[in-house]
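J.: Before I ask anything, here is the structure I am working with.
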Amino acid sequence: MDLPVLMVSYVIRDEVEKYNRNGVNALQLDPALNRLFTAGRDSIIRIWSVNQHKDYVKALAYAKDKELVASAGLDRQIFLWDVNTLTALTASNNTVTTSSLSGNKDSIYSLAMNQMGTVIVSGSTEKVLRVWDPRTCAKLMKLKGHTDNVKALLLNRDGTQCLSGSSDGTIRLWSLGQQRCIATYRVHDEGVWALQVNEAFTHVYSGGRDRKIYCTDLRNPDIRVLICEEKAPVLKMELDRSADPPPALWVATTKSSVNKWTLKGIHNFRASGDYDNDCTNPIPPLCTQPDQVIKGGASIIQCHILNDKRHILTKDTNNNVAYWDVLKACKVEDLGKVDFEEEIKKRFKMVYVPNWFSVDLKTGMLTITLDESDCFAAWVSAKDAGFSSPDGSDPKLNLGGLLLQALLEYWPRTHINPMDEEENEMNHVNGEQENRVQKGNGYFQVPPHTPVIFGEAGGRTLFRLLCRDSGGETESMLLNETVPQWVIDITVDKNMPKFNKIPFYLQPHSSSGAKTLKKDRLSASDMLQVRKVMEHVYEKIINLDNESQTTSSSNNEKTGEQEKEEDIAVLAEEKIELLCQDQVLDPNMDLRTVKHFIWKSGGDLTLHYRQKST
């Protein structure tokens, strides 16, 4: 059986993310404290932060009488939280994991808990409702009927009836006592993603993909009114229950803002009998503008990885452009409302560095993923990367390797024990001897609040934590179980990967008049500069030709000694030029850049040399 391929991701974000950066997946309102709780696609529950979840939080549920909050998401787990302490209850008694209890492998998209905290219902892409007793974590039943993902759930006070909304476009009313569906409502043309119901469980408020929010009488489904039409698909709704009937409805959409819509006029509609029950001639919505807006933060919608494969340009929903450093996991500069394409052109450099990471924007922020197949593809010189070595040398650095070491800098297992210093003295980092006992990589750090995610290729998250938390006892133990071997090799064992080699042929240029050499296939580091090849040509080919054409004399020996004393690099640059596709090469260019920008064809790279005309 093939083991799953594990990848490492991290999110470049501010330490405190005050605003939702993308769609809001869940809402809960506490009218007594006048607090609105939001759970976002950025994996943050605002008001407090939950680090128990290993993947995106998709749903919240609140049992008012018990002051319990339940949270669930793509990691297929349900957690219970004590609102007073905002800490997780004992994991052994109060963690419901659908996968371990029922063999269900599907992500949870909806959750409901009755006010008394005696019943929890979960909905998922499995298309069924699973019912649990949160006091014992026992599964009570499974309800079938929907034909698509169950995106919204509601329970009445005593936990005997349940409402569900699905991507199949229907709303269903279930009797938990009878363990069956007792009514189906078809109000929307597209998926139903959000539901709310009044205290008496007689009127349901629904929204979803079609952006319309309706109120429907559960006793007479033909009676419904269009409350409003949002500007984006509706993800979640929350009734303001400070009065009965409810005076307002909070709505979260795929955009980052949250809107409050008044429900005051809806009762006049009920009295007049003016309902939206004629689909051929729909009435206008009750409200055209929200009463209140909780503004969201801008989310990144476009990005471009620059040629140095270290920096990224982004554009957000406010058309602001920013410049980011992938290696240091931070924003370098806000550039404002500048032309995105022009900025890309302006920052173009004729340098080639292989791809070594991928970018995802689904959280509204930059999520960078490192994959074993190409994570170690990019080597650069320390000077080119802007780093200096204590001994003044210019070692070659592996970007992916250094980044992994920085992300796990706080994990004790990666630290070199001073007692083992002799053992580690000869440890070779990037081909250089490393004598210092240190944490991290010795060159740079990432912000300690950086979220680090270990997951399977295809999306399933195994473990998520903040960079600084990897020193904790529990986190450290979980890292021991989760971190894949290819990451251990770099971070714990300090084994840097081998340099990339590039094969090439070296021939005299046709204009030099020299005869073509035997076609020997050469190989060198792909970071080797053209200058070094020119030195090789000068020293090993041109000089040998000159020596074979003259008799060996004392004068000749003197000249040879003088040349050795002189800087061969300077002489080579003065006398030799290297060409590719008949284009003279810049001595500072490396072989991989020559192959990418100038050779531009299949087969092995071919370089030609000639002596400069004096």
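Chain identifiers are assigned as A, B, and so on, following the order in which chains appear in the structure tokens; residues are numbered from 1 within each chain, and ligands are numbered from 1 in order of appearance.
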Can you tell me which residues surround A:Ser358 at a distance of at most 9 Å, considering only C-alpha atoms, apart from same-chain residues fewer than 3 positions away, and format the answer as a list in words?
T.: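 These residues fall inside the cut-off: Asn355, Thr367, Ile368, Thr369, Leu370 and Asp371 of chain A.
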J.: DSSP on the backbone: which residues in stretch 170-378 of chain A end up as helix (DSSP H, G or I)? Give the answer as a list in words.
T.: Ile266, His267, Asn268, Phe269, Arg270, Ala271, Ser272, Phe340, Glu341, Glu342, Glu343, Ile344, Lys345 and Lys346 of chain A
J.: Counting only C-alpha atoms, figure out which residue out of A:Lys231, A:Lys337, A:Lys328, A:His146 gets nearest to A:Pro290.
T.: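 Using only C-alpha atoms, the shortest distance to A:Pro290 belongs to A:Lys231.
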J.: Suppose you want the space between atom CA of A:Phe348 and atom CA of A:Arg13; what is it in Å?
T.: 25.2 Å
J.: Find the spatial neighbours of A:Thr170, counting only C-alpha atoms, within a cut-off of 8 Å - ignore same-chain residues fewer than 2 positions away - and output them as a PDB file with C-alpha atoms, in the first residue's frame.
T.:
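The resulting out39.pdb:
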ATOM      1  CA  HIS A 146     -30.492  14.657   0.628  1.00  0.00           C
ATOM      2  CA  GLY A 165     -30.431  22.806   3.889  1.00  0.00           C
ATOM      3  CA  SER A 166     -28.495  21.181   1.085  1.00  0.00           C
ATOM      4  CA  SER A 167     -26.637  21.913  -2.129  1.00  0.00           C
ATOM      5  CA  ASP A 168     -29.383  19.843  -3.764  1.00  0.00           C
ATOM      6  CA  ARG A 172     -35.949  19.261   4.797  1.00  0.00           C
ATOM      7  CA  THR A 184     -39.431  18.917   1.977  1.00  0.00           C
ATOM      8  CA  TYR A 185     -39.413  22.610   0.928  1.00  0.00           C
ATOM      9  CA  ARG A 186     -38.263  23.846  -2.497  1.00  0.00           C
ATOM     10  CA  VAL A 187     -37.779  27.602  -2.125  1.00  0.00           C
ATOM     11  CA  HIS A 188     -34.504  28.224  -3.971  1.00  0.00           C
ATOM     12  CA  GLY A 191     -28.116  25.196  -3.350  1.00  0.00           C
ATOM     13  CA  VAL A 192     -29.332  26.141   0.145  1.00  0.00           C
TER      14      VAL A 192
END
J.: Suppose you want the space between atom CA of A:Gly123 and atom CA of A:Asp189; what is it in Å?
T.: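 Calculated distance between atom CA of A:Gly123 and atom CA of A:Asp189 is 20.8 Å.
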J.: For a test of reading the model, state the distance in Å between atom CA of A:Ala524 and atom CA of A:Ala406, rounded to one decimal.
T.: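 Result for atom CA of A:Ala524 versus atom CA of A:Ala406: 29.1 Å, one decimal.
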J.: Find the spatial neighbours of A:Val483, counting only C-alpha atoms, within a cut-off of 12 Å - ignore same-chain residues fewer than 3 positions away - and output them as a VMD selection string.
T.: chain A and resid 5 to 9 404 407 to 408 411 413 to 414 452 to 456 462 to 464 470 475 to 480 486 to 492
